[in-house]
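Undergrad: Here it is: the structure, laid out below.
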Amino acid sequence: MEPLKLTGGQIVTRVLLDRGIPWIAGIPGHGCLALVDAFMEERSRLPLYMVRHEQSAAHMADGYFRITGKPAAVFTSIGPGALNLAVGLGTAYVDSTALLALTGETHTYMFGRGVLQEIERVRAADSLRVLEPVAKFAALATRVEQLPHLLNRAFQAMRGGRAGPAVISLPMDLQAESADYTPEAIPGAEPPLPHPDSAALNRAAALLGKAKRPVILAGGGVLRSRATPALITLAERLGAAVITTMAGKSCFPEDHPLYAWHAGSKGTNCGNELASSADVLLAVGCRFADETTSSYRRGTSFKIPPTKLIHADIDALEIGKNYPVTEGLTGDAGAILQGLVEELGPAGQDFGEKRYTAEIAARKAAWFKELEPFHSPEHSPVTVSRALREIRRALPRHGYLVTSSGHSQAQILQEFPFYEPGTLVTTGGFSTMGFALPAAMGVKLARPNDPVIAVTGDGDFLMTAQELATAKQYGLAVTVVVLNNQGFLSIRDLQMDVYGENRAYVTEFATPRGELADIDFVSLARSFGVEAERVSRPGEVEPAIKRALAGKGPRLVEVQVNRQYPYSGGRAAGWWDVPVPEYLEGRREAYEQSRADEKLEP
């Protein structure tokens with residue numbers, strides 16, 4: 001085949017199409033004009049969504065990947081446009097989601113002159129170095145001929161092993177210059193997923209088969225691998241209790257009798273109790289981060305040892321990083337879970353004996369009894385817990401819920417059940433505010449016929465509220481639920497928990513005189529052309545959500561929620577290591593006493 005003469009922008013566009021990129025999102029600027037012009041030539045095959053902030057483009061692609069397992073692409077101009085991606089890329093990097101970012105850069109022949117929006121005091125055209133820590137692959141192109149190879153490397157890096165984002169910086173002149181391009185020069189095969197060592201699998205299966213109190217901790221790797229069927233089969237074969245991390249929530253049906261909710265600082269009593277009393281713990285696709293482990297406080301969430309740990313992860317560097325392992329398994333979560341099922345022998349040789357069913361049911365019942373005060377209809381405005389219970393009743397079993405950080409995320413983790421794999425999309429290890437709305441838009445692009453709800457606090461929502469305009473522009477029918485407590489109350493409540501009830505500071509949306517701001521989110525939504533309503537009392541949330549889901553286009557429901565501590569949040573089950581200044585002597589002693597003189601794991 002004769003090579004084609006294409007511009008750099010056209011080469012990028014051809015590769016995106018050849019690789020099956022479904023759409024691209026971003027904001028045009030002078031630093032990406034030629035790239036956008038090439039996109040326009042292929043607008044019928046490569047839809048483009050113009051967001052209102054580049055961070056949101058990354059969150060859209062992130063949400064789409066979590067549902068489909070397929071990366072989308074984002075683009076930016078030079079300078080601030082590129083750096084606006086940092087939070088979105090950081091979220092994708094920590095949570096292991098793949099997306100391709102294309103950023104504009106200074107003309108190669110003007111490198112180092114300090115042209116408009118160039119970062120160049122230390123190195124010329126240096127914006128990319130800001131994004132390198134949050135990318136699996138990052139490259140600055142300096143010749144048009146490099147683009148096919150760089151794009152190929154980016155795709156291999158994004159999908160190889162532990163997924164993550166890739167960034168290619170495109171100088172303005174390269175986007176417009178032409179070079180010969182041969183499509184066959186770009187291989188299309190994705191790198192194979194690693195498989196675990198068979199001898200290690202055999203040893204791990206033997207440990208599990210002999211366990212008296214086996215527990216499975218399932219992380220985000222199970223969702224990325226689409227491994228729910230194998231997880232269910234293994235749990236039922238072993239009769240093992242199943243808990244999940246925040247990133248893994250919804251990878252196991254939460255109405256299953258073996259499901260025991262969550263361990264950790266935002267976990268549940270039932271999850272912590274079962275995890276800490278396990279004789280064998282199988283951890284699959286998780287990192288043992290501080291929230292999952294109650295900041296490694298011995299015995300609160302885990303006791304390793306004497307619990308024997310089988311740690312399975314696609315990233316060998318995670319195995320043994322935070323806890324000593326009895327057996328390590330490196331590989332794809334699905335391959336490991338299926339391999340363990342096969343090693344255990346024919347299905348007739350189940351080891352489970354239904355040993356956990358009654359205990360799990362009793363512990364779950366005790367946990368939800370502790371939560372009942374937070375669901376009381378006597379609280380008005382409605383508590384977050386009560387609002388979430390009503391949202392669950394309104395959301396169909398197969399519907400998707402997207403959330404960011406704060407009280408809404410913590411309470412969803414502790415008490416909001418999911419029944420279908422992947423129907424919760426949330427920011428995990430980066431705990432990103434502003435994620436929910438744009439990520440929900442990406443989920444809606446992936447599942448246009450399914451209901452999608454973004455549940456967000458008011459502080460969280462205000463960080464990307466402008467994307468209501470994007471949702472309206474493209475008819476993305478997401479329902480946004482804003483739990484309005486007039487501040488960053490998850491932080492206010494943490495201040496009060498740890499430092500004392502008189503130490504809450506600059507965490508409420510109030511004037512210096514203490515007058516609370518009453519932001520009218522209904523009017524805000526309507527200014528974007530989005531239908532909206534406000535509710536505040538128990539019993540009002542469920543019908544409002546149903547009305548929103550029945551409507552066309554994006555909708556917003558503002559729920560004024562209870563601000564009274566502790567009903568502004570939920571029930572603390574685990575422990576989190578929050579340092580206390582020495583000058584708060586009384587509080588320091590009280591907080592240290594809460595550790596019950598237990599030592600941290602080494």
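Numbering starts fresh at 1 for the residues of each chain in the structure tokens, the chains themselves are lettered A, B, ... in the order given, and ligands are numbered from 1 as they appear.
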So that each row is one residue of range 13-78 of chain A with an atom at most 12 Å from range 383-407 of chain A, can you give its shortest atom pair and the distance in Å to one decimal, using only C-alpha atoms, rows by chain and rising number, as CSV?
TA:
```
residue,atom,partner,partner_atom,distance
A:His59,CA,A:Ser404,CA,10.9
A:Met60,CA,A:Val402,CA,11.4
A:Asp62,CA,A:Val402,CA,11.6
A:Gly63,CA,A:Val402,CA,8.6
A:Tyr64,CA,A:Val402,CA,11.5
A:Arg66,CA,A:Val402,CA,11.0
A:Ile67,CA,A:Tyr400,CA,9.7
```
Undergrad: Go ahead and save the picked residues with C-alpha atoms, as a PDB file, in the first residue's frame.
TA:
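result-v4.pdb was written with the following content:
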```pdb
ATOM      1  CA  HIS A  59     -13.397  12.150  34.429  1.00  0.00           C
ATOM      2  CA  MET A  60     -15.775  11.444  31.528  1.00  0.00           C
ATOM      3  CA  ASP A  62     -12.550   7.545  33.322  1.00  0.00           C
ATOM      4  CA  GLY A  63     -16.234   6.772  33.917  1.00  0.00           C
ATOM      5  CA  TYR A  64     -16.591   5.340  30.424  1.00  0.00           C
ATOM      6  CA  ARG A  66     -14.857   1.681  34.189  1.00  0.00           C
ATOM      7  CA  ILE A  67     -18.076   0.523  32.532  1.00  0.00           C
TER       8      ILE A  67
END
```
Undergrad: I'd like to know which residues of range 80-179 of chain A are helix (DSSP H, G or I) (by DSSP, run on the backbone); could you write them as number ranges by chain?
TA: A: 80-83, 86-94, 108-110, 127-134, 144-159, 172-176
Undergrad: Between A:Ala179, A:Met463, A:Ala199, A:Val455, which has the minimum distance to Ala436 in chain A (counting only C-alpha atoms)?
TA: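 The shortest atom-to-atom distance to Ala436 in chain A comes from A:Val455.
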Undergrad: I need the residues of range 298-444 of chain A that end up classed as strand (DSSP E or B) by DSSP on the backbone, written out as a list in words.
TA: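 Restricting range 298-444 of chain A to strand (DSSP E or B) produces Lys308, Leu309, Ile310, His311, Ala312, Asp313, Glu327, Gly328, Leu329, Thr330, Val382, Tyr400, Leu401, Val402, Thr403, Leu424, Val425 and Thr426 of chain A.
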Undergrad: Using only C-alpha atoms, find the one residue out of A:Gly459, A:Thr244, A:Ala157, A:Lys212 that sits nearest to Ala517 in chain A.
TA: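 Comparing A:Gly459, A:Thr244, A:Ala157, A:Lys212 against Ala517 in chain A, the winner is A:Gly459.
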Undergrad: Under the rule that only C-alpha atoms are counted, which of A:Gly29, A:Pro373, A:Gly104, A:Gly9 is the nearest residue to Leu170 in chain A?
TA: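 Ranking A:Gly29, A:Pro373, A:Gly104, A:Gly9 by distance to Leu170 in chain A, first place goes to A:Gly104.
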Undergrad: Could you check which of A:Ala101, A:Leu6, A:Met158, A:Ala218 is closest to Ala176 in chain A, using only C-alpha atoms?
TA: A:Leu6
Undergrad: Just give me the gap between CA of Val452 in chain A and CA of Pro538 in chain A in Å, one decimal is fine.
TA: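 One can read the CA of Val452 in chain A to CA of Pro538 in chain A distance as 22.3 Å.
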Undergrad: Got a sec: who's within 8 Å of Thr245 in chain A, counting only C-alpha atoms, leaving out chain neighbours fewer than 5 positions off, as a PyMOL selection string?
TA: chain A and resi 217-220+262-263+286+292
Undergrad: Have a look at A:Gly553, A:Gly434, A:Gly31, A:Gly20 and name the one nearest to Gln55 in chain A; count only C-alpha atoms.
TA: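 Ranked by minimum distance to Gln55 in chain A, first place goes to A:Gly434.
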Undergrad: Tell me, as a PyMOL selection string, which residues lie within 10 Å of Phe528 in chain A, counting only C-alpha atoms; anything in the same chain fewer than 6 positions away does not count.
TA: chain A and resi 466-473
Undergrad: Using only C-alpha atoms, can you tell me which of A:Glu291, A:Glu342, A:Glu273, A:Glu177 comes closest to Leu413 in chain A?
TA: A:Glu291
Undergrad: Grab the CA of Thr103 in chain A to CA of Gly81 in chain A distance for me, in Å with one decimal place.
TA: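 Computing the Euclidean distance for CA of Thr103 in chain A and CA of Gly81 in chain A yields 7.9 Å.
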Undergrad: Write out as a PyMOL selection string which residues come within 10 Å of Arg492 in chain A when counting only C-alpha atoms, dropping same-chain ones fewer than 4 positions away.
TA: chain A and resi 487-488+496-497+501+503-508+565+568
